[in-house]
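Here's the structure, in structure tokens; my notes come after.
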Amino acid sequence: MLPEFELLMPRTLPEALEMLAGRAPDGMPIAGGTNVIPDLRGGRYRPACLVNVAGLPELSGIRQEDGMLVIGGGVTIAEVLEDPLVARYAPVLREAARSLASPLVRNRATVAGNLANASPAADMAPPLLVLDAEVELASREGTRRVPLKDFFLGVRRTVRQPHELITAIRIPLPPAHSRARFFKVALRKADAIAVVNSAVRVDLGDNGSCQTARIALGAVAPTPIRAWEAERALEGHPLTPETIAQAARLAAEATRTIDDIRGSAAYRRHVTEVLVRRALEGIGVGIME
Amino acid sequence: MQPKLITLTINGRTHQVALKPNVTLLHALRDMGYTDVKNGCEKGDCGACAVLLNGRAVNSCLVLAWQADGAEITTAAGLGTVDRPHPIQEALADSGGVQCGFCIPGIVVSAKALLDRNPHPTEEEIREAISGNLCRCTGYALIVEGIRRIIASKNQ
């Protein structure tokens with residue numbers, strides 16, 4: 001049995017924002033419930049009030065708008081997997097979606113919820129970080145956009161205020177010569193939390209060198225992180241076995257891993273290096289002489 | 001924490017039921033007699049409580065009953081019964097994919113959701129479709145075999 005709480009059932013976004021504002025800081029949004037309900041049952045938190053945001057019409061759908069791919073705050077992981085715009089413009093997000101939990105969870109869990117929950121191992125975070133995604137936060141007072149790289153503050157902590165709701169995730173459409181890969185190591189192939197997850201993106205310049213590099217890592221620090229030094233080591237250089245090895249080493253150095261039930265700190269560091277190297281090698285296939 | 005009257009259409013039958021906000025769809029269904037929906041882990045890991053919610057397979061333990069107000073729900077027993085089994089149920093029984101049986105209602109629901117969207121899945125796609133359903137008896141081989149038989153017989 002779940003602990004007692006009040007459950008508010010708004011029918012529109014303005015109504016939901018009004019309720020969140022009225023009940024802050026005790027109100028908590030619930031959409032797919034795939035994190036909230038286990039956490040309520042496990043006693044991780046005891047909100048006095050939940051505000052159901054699943055099914056709000058304003059949060060549905062994935063669309064292309066002004067050079068951006070806009071994923072509504074209510075979009076589920078399953079919808080990401082089925083969407084042709086995501087397949088075309090953000091296949092790295094699709095790869096990650098396919099690795100998240102199981103089909104049963106993916107039919108309920110939302111992209112926004114995966115970010116709001118702020119698990120260090122959130123599978124949506126690394127691909128969205130390398131895609132330079134922004135989180136759109138709405139409240140009764142208005143809307144603001146926060147780059148995802150500035151969104152996470154710590155384990156299960158973000159810049160979202162209790163009266164704010166994630167209404168969209170906005171991704172600038174990557175250039176045609178952009179390539180990205182996602183890799184995840186977990187204790188099983190499916191229905192498992194990452195030991196390490198990683199997304200790597202390289203935009204190639206005309207001369208075949210890396211114009212832009214993005215490396216994001218999950219489950220290796222209190223929040224999903226960017227490996228800034230590794231990115232800088234690649235930018236302006238071609239992908240060669242040497243530059244790849246150096247970037248992978250720098251990515252491993254960017255981690256602040258811990259020992260836990262899923263793996264040791266040393267194993268996570270090692271896996272980080274391997275995953276980043278494999279991703280860069282995969283991206284470099286056909287480019288490297 | 002007041003109960004509210006909600007409407008659930010379960011296996012084609014419409015019910016009005018007064019429920020408190022902290023009741024999950026899983027408990028609502030079982031309390032209403034739909035005990036083919038099994039209570040396993042209650043945290044979305046095992047899939048024993050899977051049902052079709054407006055055509056999508058979900059863990060009913062992770063849905064608040066109020067969130068399902070107005071929805072159509074199908075449980076394994078809504079697909080077929082002992083007397084009139086659904087081809088998926090028949091194939092799982094015939095293949096030896098049913099041992100203790102606890103996971104089977106959830107497996108049936110996941111298999112139905114798969115075949116509704118993809119009538120000719122590969123073995124990889126079958127395994128992915130049931131990856132949220134834990135079976136501790138069979139090692140999955142005969143369950144996958146059962147689902148493959150349905151595809152082979154094209155009798156969905």
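Numbering starts fresh at 1 for the residues of each chain in the structure tokens, the chains themselves are lettered A, B, ... in the order given, and ligands are numbered from 1 as they appear.
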Contacts between chain B and chain A, please, where a residue of chain A counts if it comes within 8 Å (with only C-alpha atoms); show its shortest atom pair and distance in Å to one decimal, rows by chain and ascending number, as a Markdown table.
```
| residue | atom | partner | partner_atom | distance |
| --- | --- | --- | --- | --- |
| A:Met1 | CA | B:Val23 | CA | 7.4 |
| A:Leu2 | CA | B:Asn22 | CA | 5.8 |
| A:Pro3 | CA | B:Asn22 | CA | 6.9 |
| A:Glu4 | CA | B:Asn22 | CA | 6.0 |
| A:Phe5 | CA | B:Asn22 | CA | 6.6 |
| A:Glu6 | CA | B:Met1 | CA | 5.9 |
| A:Leu7 | CA | B:Pro21 | CA | 5.8 |
| A:Gly32 | CA | B:Val63 | CA | 7.3 |
| A:Gly33 | CA | B:Leu62 | CA | 5.7 |
| A:Thr34 | CA | B:Leu62 | CA | 5.7 |
| A:Ile37 | CA | B:Leu62 | CA | 6.0 |
| A:Pro38 | CA | B:Lys43 | CA | 5.1 |
| A:Asn52 | CA | B:Gln67 | CA | 7.5 |
| A:Ala54 | CA | B:Gln67 | CA | 7.7 |
| A:Ala101 | CA | B:Gly132 | CA | 7.5 |
| A:Ser102 | CA | B:Gly132 | CA | 4.7 |
| A:Pro103 | CA | B:Ala129 | CA | 6.3 |
| A:Leu104 | CA | B:Val58 | CA | 4.5 |
| A:Val105 | CA | B:Val58 | CA | 6.5 |
| A:Asn107 | CA | B:Val58 | CA | 6.2 |
| A:Arg108 | CA | B:Val58 | CA | 6.8 |
| A:Ala190 | CA | B:Ser131 | CA | 6.0 |
| A:Asp191 | CA | B:Gly132 | CA | 6.0 |
```
For this session: For Ile166 in chain A, please output as a ChimeraX atom specification all residues within 8 Å (counting only C-alpha atoms; exclusion window: fewer than 6 positions along the same chain).
Result: /A:73,112,116,135-138
Problem set entry | Near-range 139-156 of chain A list (8 Å; only C-alpha atoms; drop same-chain fewer than 5 positions) as a ChimeraX atom specification | /A:14,17-18,21,116-120,128-129,132-134,163-165,222-226
Residue selection dump (N, CA and C atoms) as a PDB file, in the first residue's frame:
```pdb
ATOM      1  N   PRO A  14      -2.269  25.346 -17.864  1.00  0.00           N
ATOM      2  CA  PRO A  14      -2.416  26.468 -16.926  1.00  0.00           C
ATOM      3  C   PRO A  14      -2.978  26.030 -15.571  1.00  0.00           C
ATOM      4  N   LEU A  17      -0.161  24.330 -13.635  1.00  0.00           N
ATOM      5  CA  LEU A  17       0.823  25.290 -13.112  1.00  0.00           C
ATOM      6  C   LEU A  17       0.243  26.049 -11.922  1.00  0.00           C
ATOM      7  N   GLU A  18      -1.049  26.347 -11.990  1.00  0.00           N
ATOM      8  CA  GLU A  18      -1.738  26.997 -10.875  1.00  0.00           C
ATOM      9  C   GLU A  18      -1.692  26.103  -9.629  1.00  0.00           C
ATOM     10  N   ALA A  21       1.842  25.901  -8.222  1.00  0.00           N
ATOM     11  CA  ALA A  21       2.175  27.143  -7.513  1.00  0.00           C
ATOM     12  C   ALA A  21       1.450  27.192  -6.175  1.00  0.00           C
ATOM     13  N   ALA A 116      13.926  15.013 -14.856  1.00  0.00           N
ATOM     14  CA  ALA A 116      13.512  15.622 -13.580  1.00  0.00           C
ATOM     15  C   ALA A 116      13.920  14.759 -12.396  1.00  0.00           C
ATOM     16  N   ASN A 117      13.899  13.451 -12.589  1.00  0.00           N
ATOM     17  CA  ASN A 117      14.261  12.524 -11.513  1.00  0.00           C
ATOM     18  C   ASN A 117      15.745  12.633 -11.155  1.00  0.00           C
ATOM     19  N   ALA A 118      16.544  13.051 -12.145  1.00  0.00           N
ATOM     20  CA  ALA A 118      17.958  13.370 -11.933  1.00  0.00           C
ATOM     21  C   ALA A 118      18.768  12.244 -11.306  1.00  0.00           C
ATOM     22  N   SER A 119      18.486  11.033 -11.758  1.00  0.00           N
ATOM     23  CA  SER A 119      19.385   9.946 -11.391  1.00  0.00           C
ATOM     24  C   SER A 119      20.710  10.162 -12.115  1.00  0.00           C
ATOM     25  N   PRO A 120      21.848   9.891 -11.466  1.00  0.00           N
ATOM     26  CA  PRO A 120      23.131  10.013 -12.173  1.00  0.00           C
ATOM     27  C   PRO A 120      23.186   9.086 -13.389  1.00  0.00           C
ATOM     28  N   LEU A 128      20.983  13.602 -24.688  1.00  0.00           N
ATOM     29  CA  LEU A 128      20.472  14.980 -24.740  1.00  0.00           C
ATOM     30  C   LEU A 128      21.575  15.989 -24.440  1.00  0.00           C
ATOM     31  N   LEU A 129      22.552  15.601 -23.617  1.00  0.00           N
ATOM     32  CA  LEU A 129      23.692  16.499 -23.367  1.00  0.00           C
ATOM     33  C   LEU A 129      24.517  16.694 -24.634  1.00  0.00           C
ATOM     34  N   ASP A 132      23.130  19.123 -27.114  1.00  0.00           N
ATOM     35  CA  ASP A 132      22.981  20.506 -26.646  1.00  0.00           C
ATOM     36  C   ASP A 132      21.520  20.852 -26.361  1.00  0.00           C
ATOM     37  N   ALA A 133      20.799  19.914 -25.751  1.00  0.00           N
ATOM     38  CA  ALA A 133      19.375  20.124 -25.480  1.00  0.00           C
ATOM     39  C   ALA A 133      19.165  21.191 -24.410  1.00  0.00           C
ATOM     40  N   GLU A 134      18.002  21.817 -24.501  1.00  0.00           N
ATOM     41  CA  GLU A 134      17.555  22.764 -23.476  1.00  0.00           C
ATOM     42  C   GLU A 134      16.288  22.227 -22.829  1.00  0.00           C
ATOM     43  N   HIS A 163       7.502  24.716  -8.064  1.00  0.00           N
ATOM     44  CA  HIS A 163       6.302  25.180  -8.767  1.00  0.00           C
ATOM     45  C   HIS A 163       6.472  25.141 -10.287  1.00  0.00           C
ATOM     46  N   GLU A 164       7.629  24.608 -10.739  1.00  0.00           N
ATOM     47  CA  GLU A 164       7.886  24.555 -12.177  1.00  0.00           C
ATOM     48  C   GLU A 164       7.657  23.144 -12.727  1.00  0.00           C
ATOM     49  N   LEU A 165       7.334  23.117 -14.018  1.00  0.00           N
ATOM     50  CA  LEU A 165       7.111  21.855 -14.707  1.00  0.00           C
ATOM     51  C   LEU A 165       7.925  21.857 -16.001  1.00  0.00           C
ATOM     52  N   PRO A 222      28.075  12.424  -9.459  1.00  0.00           N
ATOM     53  CA  PRO A 222      26.761  12.675  -8.831  1.00  0.00           C
ATOM     54  C   PRO A 222      25.681  13.095  -9.835  1.00  0.00           C
ATOM     55  N   THR A 223      26.089  13.641 -10.970  1.00  0.00           N
ATOM     56  CA  THR A 223      25.132  13.977 -12.026  1.00  0.00           C
ATOM     57  C   THR A 223      25.679  13.442 -13.340  1.00  0.00           C
ATOM     58  N   PRO A 224      24.849  13.349 -14.375  1.00  0.00           N
ATOM     59  CA  PRO A 224      25.399  13.128 -15.710  1.00  0.00           C
ATOM     60  C   PRO A 224      26.358  14.280 -16.022  1.00  0.00           C
ATOM     61  N   ILE A 225      27.483  13.990 -16.659  1.00  0.00           N
ATOM     62  CA  ILE A 225      28.500  15.025 -16.871  1.00  0.00           C
ATOM     63  C   ILE A 225      28.948  15.107 -18.333  1.00  0.00           C
ATOM     64  N   ARG A 226      29.543  16.244 -18.673  1.00  0.00           N
ATOM     65  CA  ARG A 226      30.279  16.376 -19.931  1.00  0.00           C
ATOM     66  C   ARG A 226      31.761  16.165 -19.617  1.00  0.00           C
TER      67      ARG A 226
END
```
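Excluding Gly96 in chain B and any residue on its chain fewer than 5 positions from it, the residues at most 12 Å away by only C-alpha atoms are Gln89, Glu90, Ala91, Gly101, Ile104, Cys137, Thr138, Gly139, Tyr140, Ala141, Leu142, Ile143, Val144, Glu145, Gly146, Ile147 and Arg149 of chain B.
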Exercise. Within 10 Å of Leu69 in chain A, counting only C-alpha atoms, which residues qualify if same-chain residues fewer than 5 places away don't, as a count of residues only?
Worked result: 15
Problem set entry | Counting only C-alpha atoms, the residue of A:Thr167, A:Gln246, A:Asn207, A:Thr240 that sits nearest Leu59 in chain A | A:Thr167
